[in-house]
Structure formats: C-alpha cells, structure tokens
file input.cif (mmCIF, C-alpha atoms)
data_coords
#
loop_
_atom_site.label_atom_id
_atom_site.label_comp_id
_atom_site.auth_asym_id
_atom_site.auth_seq_id
_atom_site.Cartn_x
_atom_site.Cartn_y
_atom_site.Cartn_z
CA MET A 204 32.35 -215.75 -167.35
CA LYS A 205 30.36 -217.81 -164.88
CA ARG A 206 26.60 -217.55 -165.24
CA PRO A 207 24.60 -215.42 -162.85
CA ASP A 208 22.54 -216.89 -160.01
CA GLY A 209 19.25 -216.62 -161.85
CA PHE A 210 20.72 -218.61 -164.69
CA PHE A 211 21.81 -221.29 -162.21
CA ARG A 212 18.31 -221.63 -160.87
CA GLN A 213 16.80 -221.97 -164.33
CA ARG A 214 19.44 -224.44 -165.36
CA LYS A 215 19.40 -226.54 -162.19
CA ALA A 216 16.60 -228.82 -163.36
CA SER A 217 18.64 -229.92 -166.35
CA MET A 218 22.01 -230.15 -164.58
CA SER A 219 23.57 -233.54 -163.87
CA LYS A 220 24.33 -234.42 -160.25
CA GLY A 221 28.02 -233.88 -161.01
CA GLU A 222 27.41 -230.40 -162.40
CA LEU A 223 25.28 -229.47 -159.38
CA THR A 224 28.05 -230.61 -157.02
CA ARG A 225 30.62 -228.63 -159.01
CA GLN A 226 28.49 -225.48 -158.77
CA ARG A 227 27.93 -226.02 -155.06
CA ILE A 228 31.70 -226.33 -154.46
CA ILE A 229 32.28 -223.12 -156.43
CA ALA A 230 29.65 -221.19 -154.44
CA GLU A 231 30.96 -222.38 -151.06
CA ALA A 232 34.60 -221.83 -152.06
CA ALA A 233 33.81 -218.32 -153.34
CA ALA A 234 32.85 -217.13 -149.85
CA ILE A 235 35.96 -218.70 -148.30
CA PHE A 236 38.41 -217.38 -150.91
CA ASN A 237 36.78 -213.96 -150.65
CA GLN A 238 37.29 -213.83 -146.89
CA ARG A 239 40.66 -215.54 -146.49
CA GLY A 240 42.44 -215.01 -149.78
CA TYR A 241 44.08 -217.57 -152.05
CA GLU A 242 46.84 -218.65 -149.66
CA GLY A 243 44.55 -218.54 -146.62
CA CYS A 244 41.85 -220.75 -148.16
CA SER A 245 42.63 -224.34 -147.19
CA LEU A 246 41.28 -227.52 -148.72
CA GLN A 247 40.11 -228.41 -145.18
CA ALA A 248 37.90 -225.31 -145.06
CA ILE A 249 36.31 -226.19 -148.42
CA MET A 250 35.84 -229.80 -147.27
CA ALA A 251 34.13 -228.55 -144.07
CA ALA A 252 31.87 -226.14 -145.96
CA THR A 253 30.81 -228.65 -148.61
CA GLY A 254 30.86 -231.83 -146.51
CA LEU A 255 32.92 -233.48 -149.26
CA GLU A 256 36.18 -235.42 -149.10
CA LYS A 257 39.33 -234.24 -150.88
CA GLY A 258 38.69 -236.66 -153.77
CA GLY A 259 35.11 -235.42 -154.08
CA ILE A 260 36.40 -231.89 -154.61
CA TYR A 261 39.35 -232.59 -156.89
CA ARG A 262 37.23 -234.82 -159.12
CA HIS A 263 35.71 -231.53 -160.34
CA PHE A 264 38.80 -229.28 -160.51
CA GLU A 265 42.30 -229.91 -161.77
CA SER A 266 43.93 -227.62 -159.18
CA LYS A 267 43.35 -225.08 -156.44
CA GLU A 268 44.15 -222.44 -159.07
CA GLU A 269 41.28 -223.61 -161.29
CA LEU A 270 38.84 -223.68 -158.36
CA ALA A 271 39.94 -220.19 -157.24
CA ALA A 272 39.43 -218.82 -160.76
CA GLU A 273 35.92 -220.31 -161.03
CA ALA A 274 35.11 -219.10 -157.50
CA PHE A 275 36.24 -215.58 -158.40
CA ASP A 276 34.04 -215.50 -161.52
CA TYR A 277 31.09 -216.68 -159.41
CA ALA A 278 31.81 -214.02 -156.74
CA TRP A 279 32.14 -211.27 -159.31
CA THR A 280 28.95 -212.23 -161.17
CA THR A 281 27.02 -212.26 -157.88
CA THR A 282 28.49 -208.85 -156.97
CA ILE A 283 27.87 -207.11 -160.28
CA GLU A 284 24.31 -208.49 -160.31
CA LYS A 285 23.61 -206.81 -156.96
CA ARG A 286 25.23 -203.58 -158.10
CA SER A 287 23.13 -203.60 -161.28
CA SER A 288 19.88 -204.37 -159.53
CA GLY A 289 16.93 -202.32 -160.81
CA LEU A 290 18.93 -200.56 -163.54
CA ALA A 291 17.15 -201.99 -166.58
CA ALA A 292 13.85 -200.34 -165.57
CA ILE A 293 15.33 -196.79 -165.48
CA PRO A 294 15.23 -195.06 -168.88
CA ASN A 295 17.36 -191.95 -168.08
CA GLN A 296 21.08 -192.80 -168.08
CA ALA A 297 22.05 -190.27 -165.39
CA ASP A 298 19.33 -191.69 -163.10
CA ARG A 299 20.51 -195.22 -163.93
CA LEU A 300 24.01 -194.24 -162.83
CA ARG A 301 22.62 -192.85 -159.56
CA GLN A 302 20.85 -196.17 -158.93
CA HIS A 303 24.04 -198.12 -159.64
CA ILE A 304 25.86 -196.01 -157.05
CA ALA A 305 23.02 -196.20 -154.51
CA ASN A 306 23.16 -200.02 -154.79
CA PHE A 307 26.64 -199.94 -153.20
CA ALA A 308 25.33 -198.50 -149.96
CA THR A 309 22.27 -200.73 -149.73
CA ARG A 310 23.10 -204.11 -151.26
CA THR A 311 25.63 -206.25 -149.47
CA GLY A 312 27.28 -208.97 -151.45
CA LEU A 313 29.42 -211.96 -150.59
CA PRO A 314 30.97 -212.29 -147.09
CA GLY A 315 34.44 -210.76 -147.15
CA GLY A 316 33.48 -207.67 -149.19
CA CYS A 317 34.26 -206.70 -152.77
CA PRO A 318 35.87 -209.62 -154.67
CA LEU A 319 37.57 -207.21 -157.08
CA LEU A 320 39.41 -205.47 -154.22
CA ASN A 321 40.27 -208.73 -152.45
CA THR A 322 41.38 -210.71 -155.46
CA ALA A 323 43.28 -207.85 -157.13
CA VAL A 324 45.48 -207.50 -154.08
CA ASP A 325 45.71 -211.24 -153.64
CA SER A 326 46.68 -212.07 -157.22
CA ASP A 327 48.87 -209.05 -157.83
CA ASP A 328 52.23 -210.68 -157.28
CA GLY A 329 52.31 -214.12 -158.76
CA ASN A 330 48.91 -215.66 -159.55
CA PRO A 331 48.54 -215.18 -163.31
CA VAL A 332 45.30 -217.17 -163.79
CA LEU A 333 43.49 -215.13 -161.14
CA ARG A 334 45.06 -211.90 -162.40
CA ILE A 335 43.52 -212.45 -165.85
CA ARG A 336 40.07 -213.04 -164.33
CA VAL A 337 40.36 -209.91 -162.17
CA ARG A 338 41.41 -207.79 -165.13
CA LYS A 339 38.48 -209.16 -167.13
CA ALA A 340 36.09 -208.30 -164.28
CA LEU A 341 37.38 -204.72 -164.05
CA HIS A 342 37.13 -204.30 -167.83
CA ASN A 343 33.60 -205.69 -167.73
CA TRP A 344 32.62 -203.04 -165.14
CA GLN A 345 34.44 -200.23 -167.00
CA THR A 346 32.72 -201.26 -170.25
CA MET A 347 29.30 -201.33 -168.59
CA LEU A 348 29.82 -197.74 -167.31
CA ARG A 349 31.32 -196.45 -170.56
CA ASP A 350 28.48 -197.97 -172.60
CA LEU A 351 25.93 -196.38 -170.26
CA LEU A 352 27.61 -192.98 -170.67
CA VAL A 353 27.91 -193.28 -174.46
CA GLU A 354 24.23 -194.28 -174.63
CA GLY A 355 23.38 -191.24 -172.48
CA ILE A 356 25.39 -188.91 -174.73
CA ALA A 357 23.47 -190.22 -177.75
CA ALA A 358 20.16 -189.81 -175.90
CA GLY A 359 21.05 -186.30 -174.70
CA THR A 360 20.93 -187.18 -170.98
CA ILE A 361 24.72 -187.07 -170.47
CA CYS A 362 26.93 -184.08 -171.43
CA GLU A 363 28.59 -184.72 -174.77
CA ASP A 364 32.05 -183.53 -173.64
CA VAL A 365 32.37 -186.18 -170.88
CA ASN A 366 35.54 -188.27 -171.07
CA VAL A 367 33.79 -191.61 -170.62
CA SER A 368 36.92 -193.59 -169.68
CA ALA A 369 37.99 -191.10 -167.01
CA ALA A 370 34.43 -190.85 -165.65
CA ALA A 371 34.12 -194.66 -165.44
CA ASN A 372 37.44 -194.91 -163.57
CA HIS A 373 36.46 -192.04 -161.27
CA ILE A 374 33.24 -193.83 -160.27
CA ILE A 375 34.95 -197.22 -159.79
CA GLY A 376 37.96 -195.74 -157.96
CA THR A 377 35.83 -193.61 -155.62
CA LEU A 378 33.62 -196.56 -154.68
CA GLU A 379 36.44 -199.08 -154.25
CA GLY A 380 38.56 -196.61 -152.26
CA ALA A 381 35.60 -195.96 -149.95
CA ILE A 382 35.02 -199.71 -149.55
CA LEU A 383 38.65 -200.01 -148.46
CA ILE A 384 38.32 -197.23 -145.84
CA GLY A 385 35.02 -198.70 -144.66
CA ARG A 386 36.57 -202.11 -144.15
CA ILE A 387 39.45 -200.74 -142.13
CA GLU A 388 37.10 -198.67 -139.97
CA ARG A 389 34.29 -201.25 -139.90
CA SER A 390 31.90 -198.43 -140.66
CA ASP A 391 29.93 -197.41 -143.73
CA GLU A 392 30.57 -193.69 -143.26
CA ALA A 393 33.15 -193.53 -146.08
CA ILE A 394 30.75 -195.33 -148.45
CA ARG A 395 27.97 -192.87 -147.63
CA GLN A 396 30.37 -189.97 -148.22
CA ALA A 397 31.42 -191.50 -151.55
CA VAL A 398 27.79 -191.94 -152.62
CA THR A 399 27.08 -188.27 -151.77
CA HIS A 400 30.19 -187.16 -153.67
CA LEU A 401 29.26 -189.20 -156.73
CA GLU A 402 25.62 -188.06 -156.73
CA ASN A 403 26.93 -184.50 -156.76
CA TYR A 404 29.48 -185.43 -159.46
CA ILE A 405 26.75 -186.89 -161.67
CA GLU A 406 24.62 -183.74 -161.34
CA THR A 407 27.45 -181.23 -161.87
CA HIS A 408 29.73 -183.07 -164.32
CA LEU A 409 27.76 -185.77 -166.15
CA ARG A 410 24.04 -184.99 -166.45
CA ALA A 411 23.03 -182.90 -169.45
CA HIS A 412 20.54 -180.24 -168.45
CA ALA A 413 18.05 -179.04 -171.02
CA SER A 414 19.26 -175.59 -172.13
CA MET B 86 55.11 -196.53 -134.73
CA LYS B 87 58.42 -197.66 -136.26
CA ARG B 88 60.89 -194.86 -136.85
CA PRO B 89 61.42 -193.45 -140.36
CA ASP B 90 64.43 -194.29 -142.50
CA GLY B 91 66.30 -191.08 -141.73
CA PHE B 92 65.99 -191.82 -138.07
CA PHE B 93 67.45 -195.29 -138.65
CA ARG B 94 70.48 -193.82 -140.32
CA GLN B 95 71.10 -191.34 -137.52
CA ARG B 96 70.62 -194.01 -134.90
CA LYS B 97 72.65 -196.72 -136.58
CA ALA B 98 75.96 -195.66 -135.02
CA SER B 99 74.57 -196.17 -131.54
CA MET B 100 72.57 -199.36 -132.27
CA SER B 101 73.78 -202.69 -130.95
CA LYS B 102 74.52 -205.43 -133.47
CA GLY B 103 71.34 -207.19 -132.33
CA GLU B 104 69.21 -204.09 -132.95
CA LEU B 105 70.75 -203.61 -136.39
CA THR B 106 69.95 -207.21 -137.31
CA ARG B 107 66.38 -206.80 -136.05
CA GLN B 108 65.90 -203.67 -138.18
CA ARG B 109 67.39 -205.39 -141.21
CA ILE B 110 64.99 -208.34 -140.81
CA ILE B 111 62.05 -205.92 -140.53
CA ALA B 112 63.08 -204.02 -143.69
CA GLU B 113 63.58 -207.21 -145.75
CA ALA B 114 60.37 -208.78 -144.43
CA ALA B 115 58.38 -205.61 -145.16
CA ALA B 116 59.00 -205.95 -148.90
CA ILE B 117 58.07 -209.66 -148.86
CA PHE B 118 54.90 -209.25 -146.77
CA ASN B 119 53.88 -206.31 -148.96
CA GLN B 120 54.18 -208.38 -152.12
CA ARG B 121 52.94 -211.79 -150.98
CA GLY B 122 50.65 -211.06 -148.04
CA TYR B 123 50.69 -212.55 -144.57
CA GLU B 124 49.89 -216.13 -145.53
CA GLY B 125 52.07 -216.00 -148.65
CA CYS B 126 55.19 -214.78 -146.84
CA SER B 127 57.18 -217.84 -145.77
CA LEU B 128 59.96 -218.08 -143.23
CA GLN B 129 62.07 -219.53 -146.06
CA ALA B 130 61.65 -216.32 -148.10
CA ILE B 131 62.74 -214.18 -145.13
CA MET B 132 65.69 -216.52 -144.51
CA ALA B 133 66.73 -216.21 -148.16
CA ALA B 134 66.41 -212.40 -148.16
CA THR B 135 68.31 -211.90 -144.90
CA GLY B 136 70.79 -214.78 -145.16
CA LEU B 137 69.83 -215.78 -141.60
CA GLU B 138 68.77 -219.14 -140.16
CA LYS B 139 65.36 -219.67 -138.56
CA GLY B 140 66.85 -219.26 -135.06
CA GLY B 141 68.58 -216.03 -136.10
CA ILE B 142 65.19 -214.59 -137.08
CA TYR B 143 63.06 -215.86 -134.20
CA ARG B 144 65.63 -214.68 -131.66
CA HIS B 145 64.34 -211.18 -132.49
CA PHE B 146 60.58 -211.83 -132.80
CA GLU B 147 58.21 -213.89 -130.74
CA SER B 148 56.02 -214.85 -133.68
CA LYS B 149 55.30 -214.32 -137.38
CA GLU B 150 52.45 -212.04 -136.23
CA GLU B 151 54.87 -209.77 -134.35
CA LEU B 152 57.28 -209.62 -137.31
CA ALA B 153 54.40 -208.85 -139.71
CA ALA B 154 53.16 -206.02 -137.47
CA GLU B 155 56.64 -204.46 -137.23
CA ALA B 156 57.12 -204.91 -140.98
CA PHE B 157 53.80 -203.18 -141.67
CA ASP B 158 54.75 -200.19 -139.48
CA TYR B 159 58.08 -199.95 -141.32
CA ALA B 160 56.34 -200.16 -144.72
CA TRP B 161 53.78 -197.55 -143.78
CA THR B 162 56.36 -195.11 -142.37
CA THR B 163 58.42 -195.44 -145.56
CA THR B 164 55.28 -194.88 -147.67
CA ILE B 165 53.93 -191.85 -145.79
CA GLU B 166 57.42 -190.28 -145.82
CA LYS B 167 57.49 -190.47 -149.62
CA ARG B 168 53.94 -189.13 -149.88
CA SER B 169 54.86 -186.23 -147.57
CA SER B 170 58.06 -185.37 -149.36
CA GLY B 171 58.61 -181.61 -149.81
CA LEU B 172 55.44 -180.60 -147.94
CA ALA B 173 57.08 -178.82 -145.01
CA ALA B 174 58.57 -176.18 -147.31
CA ILE B 175 55.17 -175.13 -148.79
CA PRO B 176 53.43 -172.42 -146.73
CA ASN B 177 49.99 -172.40 -148.46
CA GLN B 178 47.85 -175.36 -147.30
CA ALA B 179 46.02 -175.81 -150.63
CA ASP B 180 49.38 -175.93 -152.45
CA ARG B 181 50.68 -178.36 -149.82
CA LEU B 182 47.72 -180.65 -150.51
CA ARG B 183 48.46 -180.48 -154.25
CA GLN B 184 52.07 -181.53 -153.58
CA HIS B 185 50.89 -184.43 -151.39
CA ILE B 186 48.71 -185.64 -154.25
CA ALA B 187 51.39 -185.09 -156.90
CA ASN B 188 53.74 -187.28 -154.83
CA PHE B 189 51.50 -190.29 -155.53
CA ALA B 190 52.15 -190.13 -159.24
CA THR B 191 55.88 -189.51 -159.00
CA ARG B 192 57.21 -191.28 -155.90
CA THR B 193 57.14 -195.05 -155.89
CA GLY B 194 57.34 -196.77 -152.55
CA LEU B 195 57.93 -200.34 -151.45
CA PRO B 196 57.72 -203.22 -153.96
CA GLY B 197 54.16 -204.58 -153.96
CA GLY B 198 52.43 -201.18 -153.88
CA CYS B 199 50.53 -199.42 -151.12
CA PRO B 200 50.89 -201.27 -147.78
CA LEU B 201 47.59 -199.84 -146.53
CA LEU B 202 45.69 -201.40 -149.44
CA ASN B 203 47.56 -204.71 -149.21
CA THR B 204 47.45 -205.16 -145.47
CA ALA B 205 43.86 -203.94 -145.03
CA VAL B 206 42.65 -206.66 -147.37
CA ASP B 207 45.03 -209.20 -145.90
CA SER B 208 44.19 -208.60 -142.23
CA ASP B 209 40.50 -208.00 -142.73
CA ASP B 210 39.23 -211.41 -141.77
CA GLY B 211 41.12 -212.76 -138.83
CA ASN B 212 44.44 -211.04 -138.09
CA PRO B 213 43.67 -208.70 -135.17
CA VAL B 214 47.23 -207.51 -134.47
CA LEU B 215 47.72 -206.40 -138.08
CA ARG B 216 44.20 -204.94 -138.22
CA ILE B 217 45.00 -202.59 -135.30
CA ARG B 218 48.19 -201.39 -137.05
CA VAL B 219 46.34 -200.80 -140.32
CA ARG B 220 43.60 -198.85 -138.58
CA LYS B 221 46.23 -196.75 -136.81
CA ALA B 222 47.96 -196.05 -140.16
CA LEU B 223 44.71 -194.95 -141.80
CA HIS B 224 43.88 -192.72 -138.82
CA ASN B 225 47.36 -191.26 -138.96
CA TRP B 226 46.83 -190.32 -142.64
CA GLN B 227 43.29 -188.99 -142.01
CA THR B 228 44.57 -186.89 -139.09
CA MET B 229 47.41 -185.47 -141.17
CA LEU B 230 44.93 -184.36 -143.86
CA ARG B 231 42.34 -183.02 -141.41
CA ASP B 232 45.01 -181.05 -139.50
CA LEU B 233 46.27 -179.59 -142.76
CA LEU B 234 42.72 -178.51 -143.71
CA VAL B 235 41.95 -177.07 -140.25
CA GLU B 236 45.25 -175.15 -140.38
CA GLY B 237 44.29 -173.86 -143.84
CA ILE B 238 40.84 -172.75 -142.63
CA ALA B 239 42.50 -170.80 -139.79
CA ALA B 240 45.00 -169.29 -142.25
CA GLY B 241 42.28 -168.39 -144.76
CA THR B 242 43.67 -170.61 -147.56
CA ILE B 243 40.94 -173.30 -147.28
CA CYS B 244 37.19 -172.54 -147.43
CA GLU B 245 35.75 -172.43 -143.94
CA ASP B 246 32.69 -174.54 -144.78
CA VAL B 247 34.74 -177.61 -145.83
CA ASN B 248 33.78 -180.83 -144.03
CA VAL B 249 37.35 -181.84 -143.18
CA SER B 250 36.57 -185.50 -142.39
CA ALA B 251 34.68 -186.03 -145.64
CA ALA B 252 37.38 -184.18 -147.63
CA ALA B 253 40.16 -186.30 -146.07
CA ASN B 254 38.28 -189.52 -146.89
CA HIS B 255 37.56 -188.31 -150.42
CA ILE B 256 41.27 -187.70 -151.06
CA ILE B 257 42.36 -191.02 -149.51
CA GLY B 258 39.57 -193.02 -151.19
CA THR B 259 40.18 -191.51 -154.63
CA LEU B 260 43.93 -192.21 -154.46
CA GLU B 261 43.61 -195.74 -153.05
CA GLY B 262 40.85 -196.64 -155.52
CA ALA B 263 43.02 -195.42 -158.39
CA ILE B 264 45.99 -197.40 -157.05
CA LEU B 265 43.77 -200.50 -157.13
CA ILE B 266 42.71 -199.91 -160.76
CA GLY B 267 46.32 -199.14 -161.71
CA ARG B 268 47.52 -202.40 -160.21
CA ILE B 269 44.93 -204.46 -162.03
CA GLU B 270 45.71 -202.74 -165.33
CA ARG B 271 49.46 -202.43 -164.70
CA SER B 272 49.19 -198.85 -165.88
CA ASP B 273 49.34 -195.48 -164.15
CA GLU B 274 46.52 -193.98 -166.21
CA ALA B 275 43.97 -194.23 -163.37
CA ILE B 276 46.43 -192.57 -160.95
CA ARG B 277 46.98 -189.71 -163.39
CA GLN B 278 43.21 -189.32 -163.81
CA ALA B 279 42.79 -189.30 -160.01
CA VAL B 280 45.50 -186.65 -159.61
CA THR B 281 43.77 -184.47 -162.23
CA HIS B 282 40.40 -184.98 -160.53
CA LEU B 283 41.80 -184.07 -157.09
CA GLU B 284 43.69 -181.01 -158.37
CA ASN B 285 40.40 -179.79 -159.79
CA TYR B 286 38.61 -180.73 -156.53
CA ILE B 287 41.12 -178.71 -154.48
CA GLU B 288 40.66 -175.65 -156.70
CA THR B 289 36.86 -175.82 -156.89
CA HIS B 290 35.92 -177.20 -153.43
CA LEU B 291 38.75 -176.59 -150.97
CA ARG B 292 40.88 -173.55 -151.85
CA ALA B 293 39.63 -170.22 -150.48
CA HIS B 294 39.87 -167.53 -153.12
CA ALA B 295 40.37 -163.93 -151.99
CA SER B 296 37.01 -162.22 -152.47
#
call {"tool": "encode", "arguments": {"input": "input.cif", "output": "structure tokens"}}
result
Amino acid sequence: MKRPDGFFRQRKASMSKGELTRQRIIAEAAAIFNQRGYEGCSLQAIMAATGLEKGGIYRHFESKEELAAEAFDYAWTTTIEKRSSGLAAIPNQADRLRQHIANFATRTGLPGGCPLLNTAVDSDDGNPVLRIRVRKALHNWQTMLRDLLVEGIAAGTICEDVNVSAAANHIIGTLEGAILIGRIERSDEAIRQAVTHLENYIETHLRAHAS
Amino acid sequence: MKRPDGFFRQRKASMSKGELTRQRIIAEAAAIFNQRGYEGCSLQAIMAATGLEKGGIYRHFESKEELAAEAFDYAWTTTIEKRSSGLAAIPNQADRLRQHIANFATRTGLPGGCPLLNTAVDSDDGNPVLRIRVRKALHNWQTMLRDLLVEGIAAGTICEDVNVSAAANHIIGTLEGAILIGRIERSDEAIRQAVTHLENYIETHLRAHAS
C-alpha cells in the first residue's frame, strides 16, 4: 500500500529528488485517473498536470498500468484517511462507527469521487493489475469495519450476535450506493439519507444497550 | 427511451432492413460499451461483433456519442425488464417489492453488469449526452418504486408514514452498492446479504400490518 499523506510530509526531507518527482506524478495522475478512468487518462493530460515531458514520466514508471496502480493506491489511502478522520480519539466502538459514517457527508476526497467505485467499474473487465489493488482496498475497508465490530463485541459496546461480515458489507454497500445516486443527481440528498439510515441501523441493530 | 426486447420482436416483421441493422448494431454495441466503457469501446470491436465495415456502422449513427446513448437506453431497458419480471401478476405492493428485489439475485442481465453503475461512473466527468440518459434511467427507476409505494399506501399494504423518496433511494442504493462489492469480489455474497437486509426492511419498515 502507498503511504498516507502525513507519512509523505515526514519523509519528504529525506527523499531524493527522483523520489519526490515520482510521488508528485502519482498525486497528479491520481486525480486525473479518478476523474477520467484508465482509458480516458492520456499521457498528455499527465504531462500537462506535472509539467514534465513523456521521458520524464516514464523514467519513473514502466507502464501506464504501473502508474495507474500506484495512483489508485495513493487515491485510496487519501480517501480512507479522510473517512477515518477523528476515529482514534473515540473510545466507544458504536460512536466510532457513527463518526466514520458522518465523515462521508462532510469530508470530500479526491476530485472525481470515490476511487473504489470508479476503479472497480473501470478495472472490472480486463485490467488485472488494477483489479487486484481494488480488491485489496475493499478488503482493507471490510477488515477495518469487522475489526472495529469485533473489538466492540469484546468491549460490550456492540451486540454479540452481530454478523460482522454482513454488517461491514451493509455499511460499505449503503454508502457506495448512495455515492452513486448522488453523483448521477449531482446532489448529496442520497448520502444524507444513507447517513440517517445507517445511524438508525447502528442504534437498532449494532449498539449494545446496557440491560 | 429505446423499446424493450419484446417490442423489437413484434416490430421486426414491419422493420426495414436498415432499421433491423441499426437495432442489431445497438444491441451488439450495448454489450461492448457495458463491459469496456465509453473510451474502451473501439469501433474495431463493434465492427468485429457486427461483421460490418466502418461505413456500414456510421451510416446509422452520426457519432460514437449517439451510438453510446442508444446502446445505454437499450441496455437499461433490458435490465429494468429483467428486474421487473413477474411483478404485474402480484397484487400486494409489499410482495411486489420483494419480487423486484429477489429478481436481482436470480436474473442476470447484460454482460458487464449493471449499466446504471457502469455508465454513471463512465459519463460522470465529461460526457453530457450519456449523463442525461443515465439520469433519466435513475429517475425512471426511482419513479417506478415511488409509484409502487404510493399505490401501496392508498391500498393499505404500505405504512402511510413511509418517506417514499428516501425508501426508493434506500432500495436502489443498497442494491447498487452490493452489486459493486459483488463485482470486486466476484461473488454474489454481498447481493444475497442485501436481499436479506431489504426483505427485512420491507417487513419492518414498509409493510402495513393489519392492526
């Protein structure tokens, strides 16, 4: 996985000029791939965004496929960081889940919307390198949610009969489906409805209430 | 909107050879666009699928954009027909909704998966003709669900305090989100979980129970 933004900033001082250029290409390309898709992202657009010549880009990457894979990892790390913002400070797991969901409505990520949605559709039929990265990103999100729920069950904040895999998929599916509707309508109404639904779902299906 | 398959078959006898060729190009192109996206669908692929030369294709369409828009309408009509299969025969609106949802797990559509998901992502940044068709398709699905719920409220089968717009978006978002997860995982587990969730949602939130 690509390192998060914060890590970049800490590392920058010790990065060689070549490494810095490579990271800059990845960051610029991530926004373009995320908006235009794999086929729609031209070398010309990356050259324009970075101010580099073709040779200056391909010195750092063996192929468009390699650049797209690195750009996806960067986009996903940036996205999951925003979605996880503020979670570590919340001790109760049900409240932490509510914050994770609230982050969707308030924290915008990369231009072009959710990289998981974009790249899953884009890589579905015939881009195996990207497909593997997308699957890894989904599993990383599912694992984060399942771990949170398992931790909550152990701590007594989440009901012990919760099917953690189904609950994780329900949260991810509801949010991603609402993002899709919101993009088609260019409105955040569906996202707000999904957040309300999931808040209610957490309270009625997930949170353990002291008996 | 493009006419449904059944309509094609009825009409075929009276169609000119030119019309038949146009419809055949649309049907073949729909599967290719749905799998590879707008940028990824080449004229060569459509030529190979139809056995026609470039001139034989562009005699019927002014541009790739026009062909893609017609192909999307065809794909969507085919998809919504499958998802609506058997509904007309079910008098109770809550049961009809359950059948609509069950159709997702049992009726596969066009190769490449849900055209709404694919084309929404594909047309999101910079394909206005396709964007309008996708928005129309989503509104068509939302309207179908809202009408069904309003009809059920009038008939006393759906609770009268249901927010029909939010309920329609919840059903669409849950199904489309699960389709996305299923495509990444190449598994129908998330779809089955979504169907179970929505069946439970219909029984606990939508269906009016005789008091």
call {"tool": "interface_residues", "arguments": {"input": "input.cif", "of": "chain A", "to": "chain B", "cutoff": "8 Å", "atoms": "all atoms listed in the file", "output": "MDAnalysis selection string"}}
result
chainID A and resid 238:240 242:243 315 320:321 323:325 327:328 334 337:338 341 369 372:373 375:381 383:384 386:388 393 396:397
call {"tool": "write_last_selection", "arguments": {"input": "input.cif", "atoms": "C-alpha atoms", "output": "compact mmCIF listing (two decimals), keeping the file's coordinate frame"}}
result
# COMPACT_ATOMS: atom_id res chain seq x y z
CA GLN A 238 37.29 -213.83 -146.89
CA ARG A 239 40.66 -215.54 -146.49
CA GLY A 240 42.44 -215.01 -149.78
CA GLU A 242 46.84 -218.65 -149.66
CA GLY A 243 44.55 -218.54 -146.62
CA GLY A 315 34.44 -210.76 -147.15
CA LEU A 320 39.41 -205.47 -154.22
CA ASN A 321 40.27 -208.73 -152.45
CA ALA A 323 43.28 -207.85 -157.13
CA VAL A 324 45.48 -207.50 -154.08
CA ASP A 325 45.71 -211.24 -153.64
CA ASP A 327 48.87 -209.05 -157.83
CA ASP A 328 52.23 -210.68 -157.28
CA ARG A 334 45.06 -211.90 -162.40
CA VAL A 337 40.36 -209.91 -162.17
CA ARG A 338 41.41 -207.79 -165.13
CA LEU A 341 37.38 -204.72 -164.05
CA ALA A 369 37.99 -191.10 -167.01
CA ASN A 372 37.44 -194.91 -163.57
CA HIS A 373 36.46 -192.04 -161.27
CA ILE A 375 34.95 -197.22 -159.79
CA GLY A 376 37.96 -195.74 -157.96
CA THR A 377 35.83 -193.61 -155.62
CA LEU A 378 33.62 -196.56 -154.68
CA GLU A 379 36.44 -199.08 -154.25
CA GLY A 380 38.56 -196.61 -152.26
CA ALA A 381 35.60 -195.96 -149.95
CA LEU A 383 38.65 -200.01 -148.46
CA ILE A 384 38.32 -197.23 -145.84
CA ARG A 386 36.57 -202.11 -144.15
CA ILE A 387 39.45 -200.74 -142.13
CA GLU A 388 37.10 -198.67 -139.97
CA ALA A 393 33.15 -193.53 -146.08
CA GLN A 396 30.37 -189.97 -148.22
CA ALA A 397 31.42 -191.50 -151.55
call {"tool": "atom_distance", "arguments": {"input": "input.cif", "atom1": "CA of Ile186 (chain B)", "atom2": "CA of Arg168 (chain B)"}}
result
7.7 Å
call {"tool": "residues_around", "arguments": {"input": "input.cif", "residues": "region 223-231 of chain A", "least_positions_apart": "2", "cutoff": "7 Å", "atoms": "all atoms listed in the file", "output": "JSON, numbers by chain"}}
result
{"A": [218, 219, 220, 221, 233, 234, 235, 252, 253, 263, 270, 273, 274, 277]}
call {"tool": "resolve_selection", "arguments": {"input": "input.cif", "expression": "the PyMOL selection byres ((chain B and resi 230) around 10)", "output": "PDB file with C-alpha atoms, keeping the file's coordinate frame"}}
result
ATOM      1  CA  LEU B 182      47.720-180.650-150.510  1.00  0.00           C
ATOM      2  CA  HIS B 185      50.890-184.430-151.390  1.00  0.00           C
ATOM      3  CA  HIS B 224      43.880-192.720-138.820  1.00  0.00           C
ATOM      4  CA  ASN B 225      47.360-191.260-138.960  1.00  0.00           C
ATOM      5  CA  TRP B 226      46.830-190.320-142.640  1.00  0.00           C
ATOM      6  CA  GLN B 227      43.290-188.990-142.010  1.00  0.00           C
ATOM      7  CA  THR B 228      44.570-186.890-139.090  1.00  0.00           C
ATOM      8  CA  MET B 229      47.410-185.470-141.170  1.00  0.00           C
ATOM      9  CA  ARG B 231      42.340-183.020-141.410  1.00  0.00           C
ATOM     10  CA  ASP B 232      45.010-181.050-139.500  1.00  0.00           C
ATOM     11  CA  LEU B 233      46.270-179.590-142.760  1.00  0.00           C
ATOM     12  CA  LEU B 234      42.720-178.510-143.710  1.00  0.00           C
ATOM     13  CA  VAL B 235      41.950-177.070-140.250  1.00  0.00           C
ATOM     14  CA  GLU B 236      45.250-175.150-140.380  1.00  0.00           C
ATOM     15  CA  VAL B 249      37.350-181.840-143.180  1.00  0.00           C
ATOM     16  CA  SER B 250      36.570-185.500-142.390  1.00  0.00           C
ATOM     17  CA  ALA B 252      37.380-184.180-147.630  1.00  0.00           C
ATOM     18  CA  ALA B 253      40.160-186.300-146.070  1.00  0.00           C
ATOM     19  CA  ASN B 254      38.280-189.520-146.890  1.00  0.00           C
ATOM     20  CA  ILE B 256      41.270-187.700-151.060  1.00  0.00           C
ATOM     21  CA  ILE B 257      42.360-191.020-149.510  1.00  0.00           C
TER      22      ILE B 257
END
call {"tool": "closest_residue", "arguments": {"input": "input.cif", "among": "B:Ala240, B:Ala130, B:Leu137, B:Ala293", "to": "Pro176 (chain B)", "atoms": "only C-alpha atoms"}}
result
B:Ala240
call {"tool": "atom_distance", "arguments": {"input": "input.cif", "atom1": "CA of Ala308 (chain A)", "atom2": "CA of His408 (chain A)"}}
result
21.5 Å
call {"tool": "closest_residue", "arguments": {"input": "input.cif", "among": "B:Ser169, B:Gln184, B:Thr191, B:Gln178", "to": "Asp273 (chain B)", "atoms": "only C-alpha atoms"}}
result
B:Thr191
call {"tool": "atom_distance", "arguments": {"input": "input.cif", "atom1": "CA of Gly289 (chain A)", "atom2": "CA of Gly312 (chain A)"}}
result
15.5 Å
call {"tool": "closest_residue", "arguments": {"input": "input.cif", "among": "A:Ala291, A:Leu246, A:Lys285, A:Tyr404", "to": "Glu268 (chain A)", "atoms": "only C-alpha atoms"}}
result
A:Leu246
call {"tool": "closest_residue", "arguments": {"input": "input.cif", "among": "B:Ser272, B:Ile287, B:Val214, B:Thr281", "to": "Ala154 (chain B)", "atoms": "all atoms listed in the file"}}
result
B:Val214
